[in-house]
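The structure file entry32.cif is reproduced below (mmCIF, C-alpha atoms).
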data_my_file
loop_
_atom_site.group_PDB
_atom_site.id
_atom_site.type_symbol
_atom_site.label_atom_id
_atom_site.label_comp_id
_atom_site.auth_asym_id
_atom_site.auth_seq_id
_atom_site.Cartn_x
_atom_site.Cartn_y
_atom_site.Cartn_z
ATOM 1 C CA MET R 182 -31.946 12.457 2.847
ATOM 2 C CA SER R 183 -32.028 11.202 -0.744
ATOM 3 C CA ASN R 184 -35.373 10.394 -2.345
ATOM 4 C CA LYS R 185 -36.323 6.779 -2.921
ATOM 5 C CA VAL R 186 -35.931 5.256 -6.328
ATOM 6 C CA VAL R 187 -38.984 3.156 -7.212
ATOM 7 C CA VAL R 188 -38.384 0.247 -9.563
ATOM 8 C CA ASP R 189 -41.756 -0.916 -10.777
ATOM 9 C CA ASP R 190 -42.470 -4.568 -11.424
ATOM 10 C CA SER R 191 -42.767 -3.938 -15.151
ATOM 11 C CA ASN R 192 -41.840 -1.491 -17.879
ATOM 12 C CA VAL R 193 -43.494 1.892 -17.464
ATOM 13 C CA THR R 194 -44.621 3.851 -20.491
ATOM 14 C CA ILE R 195 -45.106 7.594 -20.176
ATOM 15 C CA GLY R 196 -46.175 9.195 -23.435
ATOM 16 C CA ASN R 197 -43.790 7.972 -26.116
ATOM 17 C CA HIS R 198 -41.116 6.973 -23.622
ATOM 18 C CA THR R 199 -40.862 3.519 -22.072
ATOM 19 C CA ALA R 200 -38.756 3.007 -18.952
ATOM 20 C CA VAL R 201 -37.477 -0.535 -19.043
ATOM 21 C CA SER R 202 -37.527 -2.191 -15.640
ATOM 22 C CA PRO R 203 -34.115 -3.496 -14.566
ATOM 23 C CA ILE R 204 -35.741 -6.369 -12.665
ATOM 24 C CA VAL R 205 -34.807 -9.802 -14.015
ATOM 25 C CA TYR R 206 -37.376 -12.609 -13.656
ATOM 26 C CA GLU R 207 -36.335 -16.263 -13.853
ATOM 27 C CA PRO R 208 -37.708 -18.188 -15.560
ATOM 28 C CA THR R 209 -39.292 -15.424 -17.572
ATOM 29 C CA GLN R 210 -42.450 -17.361 -18.553
ATOM 30 C CA SER R 211 -43.297 -18.160 -14.942
ATOM 31 C CA TRP R 212 -43.745 -14.475 -14.011
ATOM 32 C CA ARG R 213 -46.891 -12.991 -15.522
ATOM 33 C CA LEU R 214 -47.849 -9.341 -15.703
ATOM 34 C CA ASN R 215 -51.346 -8.307 -14.444
ATOM 35 C CA VAL R 216 -52.575 -11.889 -14.539
ATOM 36 C CA MET R 217 -54.951 -13.247 -11.880
ATOM 37 C CA CYS R 218 -54.192 -16.549 -10.210
ATOM 38 C CA ASP R 219 -56.469 -19.593 -10.690
ATOM 39 C CA ASP R 220 -59.211 -19.993 -8.085
ATOM 40 C CA CYS R 221 -58.559 -16.574 -6.595
ATOM 41 C CA ASN R 222 -61.608 -14.503 -5.620
ATOM 42 C CA VAL R 223 -60.659 -11.396 -7.605
ATOM 43 C CA THR R 224 -62.974 -12.114 -10.508
ATOM 44 C CA GLY R 225 -65.181 -9.148 -11.095
ATOM 45 C CA GLU R 226 -64.169 -5.874 -12.718
ATOM 46 C CA ASP R 227 -64.832 -3.992 -9.539
ATOM 47 C CA ALA R 228 -62.472 -6.259 -7.599
ATOM 48 C CA LEU R 229 -59.797 -5.854 -10.264
ATOM 49 C CA GLY R 230 -60.233 -2.084 -10.094
ATOM 50 C CA ARG R 231 -59.703 -2.098 -6.364
ATOM 51 C CA LEU R 232 -56.585 -4.221 -6.835
ATOM 52 C CA ARG R 233 -55.213 -1.765 -9.412
ATOM 53 C CA ASP R 234 -55.794 1.080 -7.004
ATOM 54 C CA THR R 235 -53.847 -0.751 -4.334
ATOM 55 C CA VAL R 236 -50.643 -1.454 -6.254
ATOM 56 C CA TYR R 237 -48.024 1.008 -7.516
ATOM 57 C CA SER R 238 -48.769 2.332 -11.029
ATOM 58 C CA GLY R 239 -51.655 -0.145 -11.342
ATOM 59 C CA THR R 240 -49.521 -3.200 -12.209
ATOM 60 C CA TRP R 241 -48.313 -6.391 -10.530
ATOM 61 C CA THR R 242 -46.330 -9.425 -11.650
ATOM 62 C CA LEU R 243 -47.660 -12.797 -10.504
ATOM 63 C CA ALA R 244 -45.560 -15.867 -9.689
ATOM 64 C CA TRP R 245 -47.315 -18.558 -11.702
ATOM 65 C CA TRP R 246 -47.494 -21.912 -9.946
ATOM 66 C CA GLU R 247 -46.298 -24.995 -11.860
ATOM 67 C CA ALA R 248 -45.665 -28.321 -10.172
ATOM 68 C CA ASP R 249 -42.408 -29.007 -12.047
ATOM 69 C CA ARG R 250 -40.940 -25.543 -11.279
ATOM 70 C CA PRO R 251 -40.553 -25.319 -7.517
ATOM 71 C CA LEU R 252 -38.152 -22.331 -7.630
ATOM 72 C CA LEU R 253 -38.774 -18.900 -9.171
ATOM 73 C CA SER R 254 -36.551 -15.870 -8.621
ATOM 74 C CA ILE R 255 -36.338 -12.102 -8.969
ATOM 75 C CA ASN R 256 -33.002 -10.258 -9.262
ATOM 76 C CA LEU R 257 -32.040 -6.592 -9.151
ATOM 77 C CA ASN R 258 -28.680 -4.793 -9.039
ATOM 78 C CA PHE R 259 -28.701 -1.342 -7.443
ATOM 79 C CA ASN R 260 -26.492 1.325 -5.835
ATOM 80 C CA GLY R 261 -27.951 2.232 -2.483
ATOM 81 C CA THR R 262 -27.866 2.117 1.291
ATOM 82 C CA SER R 263 -31.400 0.785 1.792
ATOM 83 C CA VAL R 264 -33.820 -1.410 -0.158
ATOM 84 C CA GLU R 265 -37.455 -2.514 0.249
ATOM 85 C CA ALA R 266 -39.623 -5.071 -1.562
ATOM 86 C CA TYR R 267 -43.413 -4.710 -1.842
ATOM 87 C CA PHE R 268 -45.844 -7.530 -2.666
ATOM 88 C CA VAL R 269 -49.510 -8.270 -2.998
ATOM 89 C CA LEU R 270 -50.790 -11.640 -1.716
ATOM 90 C CA LEU R 271 -53.891 -13.325 -3.084
ATOM 91 C CA LEU R 272 -55.880 -16.127 -1.426
ATOM 92 C CA ARG R 273 -57.132 -19.129 -3.457
ATOM 93 C CA SER R 274 -60.405 -19.057 -1.634
ATOM 94 C CA LEU R 275 -62.306 -20.777 -4.490
ATOM 95 C CA ASP R 276 -60.313 -24.056 -4.173
ATOM 96 C CA SER R 277 -60.494 -25.934 -0.907
ATOM 97 C CA ASN R 278 -57.750 -28.328 -2.023
ATOM 98 C CA SER R 279 -55.166 -25.556 -2.330
ATOM 99 C CA THR R 280 -53.691 -25.984 1.146
ATOM 100 C CA GLY R 281 -49.969 -25.970 0.448
ATOM 101 C CA SER R 282 -47.442 -23.424 1.687
ATOM 102 C CA SER R 283 -44.592 -21.519 0.073
ATOM 103 C CA THR R 284 -41.578 -19.491 1.153
ATOM 104 C CA LEU R 285 -40.007 -16.186 0.147
ATOM 105 C CA THR R 286 -36.243 -15.888 0.735
ATOM 106 C CA PHE R 287 -34.478 -12.528 0.460
ATOM 107 C CA LEU R 288 -30.743 -12.289 -0.215
ATOM 108 C CA ILE R 289 -28.429 -9.266 -0.314
ATOM 109 C CA ASP R 290 -25.150 -9.841 -2.131
ATOM 110 C CA ASN R 291 -25.834 -13.614 -2.073
ATOM 111 C CA THR R 292 -26.317 -13.604 1.708
ATOM 112 C CA VAL R 293 -29.692 -14.599 3.137
ATOM 113 C CA ARG R 294 -31.217 -11.710 5.066
ATOM 114 C CA ARG R 295 -34.758 -12.914 5.659
ATOM 115 C CA THR R 296 -37.061 -15.885 5.121
ATOM 116 C CA GLN R 297 -40.820 -15.314 5.028
ATOM 117 C CA ARG R 298 -43.319 -18.172 5.237
ATOM 118 C CA VAL R 299 -46.403 -17.643 3.093
ATOM 119 C CA THR R 300 -49.610 -19.210 4.439
ATOM 120 C CA PRO R 301 -53.162 -17.871 4.971
ATOM 121 C CA GLY R 302 -52.532 -17.480 8.699
ATOM 122 C CA ASP R 303 -49.518 -15.193 8.186
ATOM 123 C CA PHE R 304 -51.483 -12.327 6.560
ATOM 124 C CA THR R 305 -54.753 -10.448 6.755
ATOM 125 C CA PHE R 306 -56.940 -10.472 3.649
ATOM 126 C CA GLY R 307 -59.646 -8.009 2.675
ATOM 127 C CA PRO R 308 -63.161 -8.624 1.325
ATOM 128 C CA ASP R 309 -61.773 -9.453 -2.120
ATOM 129 C CA ASP R 310 -59.269 -11.956 -0.625
ATOM 130 C CA PHE R 311 -56.122 -9.982 -1.350
ATOM 131 C CA THR R 312 -53.859 -7.988 0.911
ATOM 132 C CA PRO R 313 -52.999 -4.339 0.513
ATOM 133 C CA ARG R 314 -49.638 -3.442 -0.907
ATOM 134 C CA THR R 315 -47.335 -4.918 1.723
ATOM 135 C CA MET R 316 -43.633 -4.492 2.417
ATOM 136 C CA LEU R 317 -42.213 -7.963 3.031
ATOM 137 C CA PHE R 318 -38.534 -7.091 3.133
ATOM 138 C CA GLN R 319 -36.335 -4.156 4.129
ATOM 139 C CA ALA R 320 -32.556 -3.792 4.512
ATOM 140 C CA ALA R 321 -31.460 -0.386 5.807
ATOM 141 C CA ASP R 322 -27.868 -1.046 6.853
ATOM 142 C CA LEU R 323 -26.127 -1.330 3.506
ATOM 143 C CA GLU R 324 -22.755 0.144 2.674
ATOM 144 C CA PRO R 325 -22.777 2.966 0.078
ATOM 145 C CA GLN R 326 -21.756 0.778 -2.845
ATOM 146 C CA PRO R 327 -23.307 -1.475 -5.526
ATOM 147 C CA HIS R 328 -25.446 -4.347 -4.228
ATOM 148 C CA SER R 329 -27.604 -7.178 -5.522
ATOM 149 C CA LEU R 330 -31.045 -8.186 -4.309
ATOM 150 C CA SER R 331 -32.340 -11.683 -4.994
ATOM 151 C CA ILE R 332 -35.841 -12.922 -4.073
ATOM 152 C CA GLN R 333 -36.629 -16.627 -4.314
ATOM 153 C CA TRP R 334 -40.108 -18.122 -4.182
ATOM 154 C CA THR R 335 -40.211 -21.859 -3.461
ATOM 155 C CA HIS R 336 -43.084 -24.310 -3.002
ATOM 156 C CA GLY R 337 -43.636 -28.020 -2.474
ATOM 157 C CA GLY R 338 -43.615 -28.984 -6.140
ATOM 158 C CA ARG R 339 -46.155 -31.763 -6.771
ATOM 159 C CA GLY R 340 -47.628 -31.483 -3.315
ATOM 160 C CA PRO R 341 -50.777 -29.485 -2.620
ATOM 161 C CA ARG R 342 -50.957 -26.210 -4.492
ATOM 162 C CA PRO R 343 -50.063 -23.204 -2.322
ATOM 163 C CA ALA R 344 -53.084 -21.589 -0.704
ATOM 164 C CA VAL R 345 -51.614 -18.119 -1.251
ATOM 165 C CA SER R 346 -50.204 -16.683 -4.482
ATOM 166 C CA VAL R 347 -47.549 -13.968 -4.447
ATOM 167 C CA ALA R 348 -47.235 -11.013 -6.826
ATOM 168 C CA LEU R 349 -44.408 -8.448 -6.899
ATOM 169 C CA ASP R 350 -45.534 -4.841 -6.873
ATOM 170 C CA SER R 351 -42.265 -2.840 -6.731
ATOM 171 C CA ILE R 352 -38.755 -2.598 -5.321
ATOM 172 C CA GLU R 353 -37.567 0.685 -3.828
ATOM 173 C CA PHE R 354 -34.129 1.741 -2.673
ATOM 174 C CA ILE R 355 -32.318 4.810 -1.374
ATOM 175 C CA PRO R 356 -29.302 5.619 -3.559
ATOM 176 C CA PHE R 357 -26.118 6.829 -1.938
ATOM 177 C CA ASP R 358 -25.046 10.386 -2.749
ATOM 178 C CA VAL R 359 -22.018 10.153 -5.024
ATOM 179 C CA SER R 360 -21.063 13.784 -4.354
ATOM 180 C CA ILE R 361 -21.036 13.216 -0.577
ATOM 181 C CA ASP R 362 -19.036 10.035 -0.998
ATOM 182 C CA SER R 363 -16.565 11.865 -3.233
ATOM 183 C CA SER R 364 -16.226 14.711 -0.738
ATOM 184 C CA ARG R 365 -15.535 12.176 1.998
ATOM 185 C CA SER R 366 -12.899 10.558 -0.163
ATOM 186 C CA GLY R 367 -11.395 13.984 -0.849
ATOM 187 C CA SER R 368 -11.382 14.808 2.858
ATOM 188 C CA ASN R 369 -9.710 11.504 3.627
ATOM 189 C CA THR R 370 -7.116 12.182 0.939
ATOM 190 C CA LYS R 371 -6.376 15.639 2.382
ATOM 191 C CA LEU R 372 -6.107 14.181 5.876
ATOM 192 C CA ILE R 373 -3.687 11.502 4.721
ATOM 193 C CA ALA R 374 -1.634 14.091 2.812
ATOM 194 C CA SER R 375 -1.475 16.390 5.863
ATOM 195 C CA ILE R 376 0.019 13.503 7.834
ATOM 196 C CA VAL R 377 2.277 11.948 5.223
ATOM 197 C CA VAL R 378 3.902 15.133 3.851
ATOM 198 C CA PRO R 379 5.383 16.370 7.180
ATOM 199 C CA ILE R 380 6.664 12.879 7.925
ATOM 200 C CA ALA R 381 8.316 12.722 4.507
ATOM 201 C CA VAL R 382 9.958 16.130 5.072
ATOM 202 C CA VAL R 383 11.328 15.078 8.479
ATOM 203 C CA LEU R 384 12.667 11.823 7.041
ATOM 204 C CA ALA R 385 14.330 13.752 4.196
ATOM 205 C CA LEU R 386 16.017 16.111 6.682
ATOM 206 C CA ILE R 387 17.232 13.195 8.805
ATOM 207 C CA PHE R 388 18.622 11.486 5.710
ATOM 208 C CA GLY R 389 20.379 14.696 4.630
ATOM 209 C CA VAL R 390 21.985 15.136 8.059
ATOM 210 C CA PHE R 391 23.093 11.501 7.989
ATOM 211 C CA LEU R 392 24.757 11.957 4.570
ATOM 212 C CA TRP R 393 26.502 15.142 5.780
ATOM 213 C CA TRP R 394 27.777 13.331 8.892
ATOM 214 C CA ARG R 395 29.103 10.451 6.821
ATOM 215 C CA ARG R 396 30.974 12.822 4.502
ATOM 216 C CA GLN R 397 32.477 14.709 7.438
ATOM 217 C CA ARG R 398 33.538 11.464 9.059
ATOM 218 C CA ALA R 399 35.088 10.144 5.839
ATOM 219 C CA GLY R 400 36.986 13.438 5.352
ATOM 220 C CA LYS R 401 38.411 13.288 8.871
ATOM 221 C CA ARG R 402 39.473 9.683 8.312
ATOM 222 C CA ARG R 403 41.286 10.602 5.085
ATOM 223 C CA GLN R 404 43.019 13.572 6.780
ATOM 224 C CA ALA R 405 44.145 11.420 9.707
ATOM 225 C CA GLN R 406 45.439 8.761 7.329
ATOM 226 C CA GLU R 407 47.431 11.312 5.295
ATOM 227 C CA MET R 408 49.015 12.799 8.451
ATOM 228 C CA THR R 409 49.967 9.310 9.619
ATOM 229 C CA GLU R 410 51.639 8.586 6.298
ATOM 230 C CA VAL R 411 53.604 11.892 6.438
ATOM 231 C CA ASP R 412 54.828 11.219 9.979
ATOM 232 C CA ALA R 413 55.887 7.715 9.068
ATOM 233 C CA GLY R 414 57.850 9.006 6.018
ATOM 234 C CA SER R 415 59.732 11.688 8.015
ATOM 235 C CA GLU R 416 60.800 9.230 10.719
ATOM 236 C CA ALA R 417 61.878 6.462 8.370
ATOM 237 C CA ILE R 418 65.654 5.917 7.862
ATOM 238 C CA PRO R 419 66.857 3.993 4.830
ATOM 239 C CA SER R 420 67.994 0.485 5.618
ATOM 240 C CA GLY R 421 71.756 0.109 6.168
ATOM 241 C CA SER R 422 72.443 3.847 6.507
ATOM 242 C CA ARG R 423 72.290 4.107 10.306
ATOM 243 C CA GLY R 424 75.853 4.306 11.816
ATOM 244 C CA SER R 425 77.580 4.704 8.452
ATOM 245 C CA ARG R 426 77.917 8.483 8.227
ATOM 246 C CA SER R 427 81.286 9.413 6.715
ATOM 247 C CA ILE R 428 83.733 11.608 8.642
ATOM 248 C CA GLN R 429 86.007 13.788 6.570
ATOM 249 C CA PRO R 430 89.385 14.823 8.117
ATOM 250 C CA PHE R 431 90.303 18.484 8.427
ATOM 251 C CA LEU R 432 92.407 19.578 5.474
ATOM 252 C CA ALA R 433 94.343 22.788 5.142
ATOM 253 C CA TYR R 434 93.515 25.103 2.329
ATOM 254 C CA GLY R 435 95.228 24.039 -0.842
ATOM 255 C CA SER R 436 95.763 20.483 0.309
ATOM 256 C CA GLU R 437 94.789 17.535 -1.732
ATOM 257 C CA GLN R 438 91.960 15.196 -0.732
ATOM 258 C CA PRO R 439 93.496 11.851 0.037
ATOM 259 C CA SER R 440 92.304 8.953 -1.997
ATOM 260 C CA GLY R 441 91.528 5.513 -0.721
ATOM 261 C CA PRO R 442 90.527 4.476 2.784
ATOM 262 C CA LEU R 443 91.814 6.535 5.675
ATOM 263 C CA LYS R 444 92.125 3.662 8.067
ATOM 264 C CA GLY R 445 95.666 3.631 9.635
ATOM 265 C CA ARG R 446 97.029 6.274 7.247
ATOM 266 C CA GLN R 447 99.006 9.426 8.199
ATOM 267 C CA VAL R 448 98.202 12.692 6.535
ATOM 268 C CA VAL R 449 101.048 15.244 6.457
ATOM 269 C CA HIS R 450 100.538 18.864 5.532
ATOM 270 C CA ASP R 451 103.522 21.082 4.564
ATOM 271 C CA THR R 452 103.341 24.644 3.366
ATOM 272 C CA HIS R 453 106.256 25.950 1.260
ATOM 273 C CA GLY R 454 109.062 24.917 3.562
ATOM 274 C CA PRO R 455 110.136 26.801 6.660
ATOM 275 C CA PRO R 456 107.728 29.467 7.863
ATOM 276 C CA GLU R 457 108.610 33.051 7.599
ATOM 277 C CA ALA R 458 108.639 35.455 10.473
ATOM 278 C CA GLY R 459 105.169 36.434 11.632
ATOM 279 C CA HIS R 460 103.495 33.376 10.069
ATOM 280 C CA PRO R 461 102.338 30.300 11.896
ATOM 281 C CA PRO R 462 104.543 27.285 11.615
ATOM 282 C CA SER R 463 103.610 24.508 9.312
ATOM 283 C CA TYR R 464 102.296 21.416 10.955
ATOM 284 C CA GLN R 465 102.318 17.816 10.355
ATOM 285 C CA GLU R 466 99.253 16.003 11.518
ATOM 286 C CA ALA R 467 99.026 12.370 11.984
ATOM 287 C CA LEU R 468 95.449 11.119 12.205
ATOM 288 C CA THR R 469 94.629 7.694 13.367
ATOM 289 C CA PHE R 470 91.026 6.691 12.554
ATOM 290 C CA PRO R 471 88.994 4.093 14.350
ATOM 291 C CA ASN R 472 89.293 0.534 13.257
ATOM 292 C CA ASP R 473 85.652 0.321 12.290
ATOM 293 C CA MET R 474 83.665 3.426 11.292
ATOM 294 C CA SER R 475 80.571 1.502 10.397
ATOM 295 C CA SER R 476 79.792 0.082 13.797
ATOM 296 C CA GLY R 477 78.181 2.946 15.668
ATOM 297 C CA GLY R 478 80.397 6.082 15.524
ATOM 298 C CA PRO R 479 84.046 7.025 16.286
ATOM 299 C CA SER R 480 86.141 4.898 18.646
ATOM 300 C CA GLN R 481 87.367 6.238 21.984
ATOM 301 C CA SER R 482 90.970 5.407 20.948
ATOM 302 C CA THR R 483 91.184 8.089 18.272
ATOM 303 C CA SER R 484 94.486 10.032 18.608
ATOM 304 C CA SER R 485 96.004 13.037 16.917
ATOM 305 C CA GLN R 486 99.696 14.018 16.716
ATOM 306 C CA THR R 487 101.085 17.346 15.455
ATOM 307 C CA THR R 488 104.735 18.124 14.834
ATOM 308 C CA TRP R 489 105.876 21.751 14.479
ATOM 309 C CA THR R 490 109.204 22.636 12.622
ATOM 310 C CA ARG R 491 110.882 25.836 11.589
#

Show me, as C-alpha cells, the structure contained in the file I just sent.
Amino acid sequence: MSNKVVVDDSNVTIGNHTAVSPIVYEPTQSWRLNVMCDDCNVTGEDALGRLRDTVYSGTWTLAWWEADRPLLSINLNFNGTSVEAYFVLLLRSLDSNSTGSSTLTFLIDNTVRRTQRVTPGDFTFGPDDFTPRTMLFQAADLEPQPHSLSIQWTHGGRGPRPAVSVALDSIEFIPFDVSIDSSRSGSNTKLIASIVVPIAVVLALIFGVFLWWRRQRAGKRRQAQEMTEVDAGSEAIPSGSRGSRSIQPFLAYGSEQPSGPLKGRQVVHDTHGPPEAGHPPSYQEALTFPNDMSSGGPSQSTSSQTTWTR
C-alpha cells in the first residue's frame, strides 16, 4: 500500500526550505493561522502547549467568525484513491450567549459526500475545552485519477454566534501508483492487441479469397463470352447467299467457257471432226438448266441429251 501524503494546514518550513501548502482558503482573511477564537478557554500558555502537541506539526488554521460572511471554504486538488480531513474543535465556554450552530459540508468533485453538524453535543471536549485531533471526513472509494476536495463551513450569519469554532489541522490522501496504473494500461493494450491482430489477419485472408474468387469468376465469364461469339460467327451465313450457289456445267478439255446466262442454252462440244479409230466419239451435249437457280437448288426437270456421230 502507498504511504499517505499529509498536506498540512499551512506552509511548512524545514531549514531553508519552505513547502508551500496547496490548500486554498476562501476568503483568505477569514482563515487565520494559529489564532485562538474569542471566548475560548485556551488562554494560558500551558493550554496552548497542549493544543500544539495535539495537532500535526504544531499548527492549525481557524475559521474566523464574522456575521456578514456566513460561508467559508477550503479547496484542495489531489491525485489519490482516498482522502481524509482532520480538524480541531474549540468550545466558546467563556461566552454564554454563543449558542449558535454551524455546519461542515464535504464535497468530492463537486458532489456532496457528507454533512457534519457542529454543536457542543456532537463532540467530546477535554479539560481545556478543545477536542483532540479528529477526523471528520474520509472518502476511500475514489477512482485512481485527479480529484478535488471542497470543505464548506456555514453558520447562521447575524444569529447567535456558533458555540463551537472549527480549525483545520491537515488533509491526508493516498496517491495512486502511476507505475501500477501504467502496467495495467499496458496489460490492457496487450490483451486488446492479442484479440484484434488475429481477427484482422482472418479478415484479410477472407478478403483475399473473395478477390481471387471474383477474378476467377470474371475470367470464366469472359471465356464463355468469347466462345459464344466464335460459335455465332461460324454458324452465320451472309444474307442473300443461301440457295444461290452457282453450278458450273461440265466442259471438255480445251472448250471455251460460255458467256452469259446458261438458262435455256445448248452447249455443243466438237473435237476435230470425225473421230479416229481407237478414240472415243465426239459428243454433243445439250444441257437444259432449271428455270430458277436461285430458289432452293436444281429443279427435278433437268435433262441432258448427248448425240454421238462418226

Legend entry - Interatomic distance (Å, one decimal) between atom CA of R:Thr240 and atom CA of R:Met316: 15.8 Å

Legend entry - Selection result of the PyMOL selection byres ((chain R and resi 213-220) around 6) on this file, as a list in words: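 Applying the expression gives Trp212, Cys221, Thr240, Trp241, Thr242, Leu243, Arg273, Leu275 and Asp276 of chain R.
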
Legend entry - For R:Asn258, the nearest of the candidates R:Val187, R:Leu285, R:Leu330, R:Ala244, counting only C-alpha atoms: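 Closest candidate: R:Leu330.
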
Box along x, y and z, 8 Å on every side, all listed atoms of stretch 273-291 of chain R inside: centre and edge lengths in Å to one decimal, as JSON.
{"center_x": -43.7, "center_y": -18.8, "center_z": -1.4, "size_x": 53.2, "size_y": 35.1, "size_z": 22.2}

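If you measure from each of R:Pro208, R:Ala405, R:Gly307, R:Thr235 to R:Asn222 using only C-alpha atoms, the closest one turns out to be R:Gly307.
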
On this file, the PyMOL selection byres ((chain R and resi 308) around 12) gives some set of residues; write that set as an mmCIF file with C-alpha atoms, in the coordinates of the input.
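Dumped to part-v9.cif:
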data_model
loop_
_atom_site.group_PDB
_atom_site.id
_atom_site.type_symbol
_atom_site.label_atom_id
_atom_site.label_comp_id
_atom_site.auth_asym_id
_atom_site.auth_seq_id
_atom_site.Cartn_x
_atom_site.Cartn_y
_atom_site.Cartn_z
ATOM 1 C CA ASN R 222 -61.608 -14.503 -5.620
ATOM 2 C CA VAL R 223 -60.659 -11.396 -7.605
ATOM 3 C CA ASP R 227 -64.832 -3.992 -9.539
ATOM 4 C CA ALA R 228 -62.472 -6.259 -7.599
ATOM 5 C CA ARG R 231 -59.703 -2.098 -6.364
ATOM 6 C CA LEU R 232 -56.585 -4.221 -6.835
ATOM 7 C CA LEU R 271 -53.891 -13.325 -3.084
ATOM 8 C CA LEU R 272 -55.880 -16.127 -1.426
ATOM 9 C CA SER R 274 -60.405 -19.057 -1.634
ATOM 10 C CA THR R 305 -54.753 -10.448 6.755
ATOM 11 C CA PHE R 306 -56.940 -10.472 3.649
ATOM 12 C CA GLY R 307 -59.646 -8.009 2.675
ATOM 13 C CA ASP R 309 -61.773 -9.453 -2.120
ATOM 14 C CA ASP R 310 -59.269 -11.956 -0.625
ATOM 15 C CA PHE R 311 -56.122 -9.982 -1.350
ATOM 16 C CA THR R 312 -53.859 -7.988 0.911
ATOM 17 C CA PRO R 313 -52.999 -4.339 0.513
#

Inset, instruction - Would you mind reading off the distance between atom CA of R:Gln333 and atom CA of R:Asn184, one decimal, in Å? - result: 27.1 Å

Legend entry - Hits of the PyMOL selection byres ((chain R and resi 253) around 12) in this structure, as an MDAnalysis selection string: chainID R and resid 205:213 243:252 254:256 283:286 331:336 338 347:348

Inset, instruction - Measure the distance from atom CA of R:Ala321 to atom CA of R:Asn192 in Å and round it to one decimal. - result: 25.9 Å
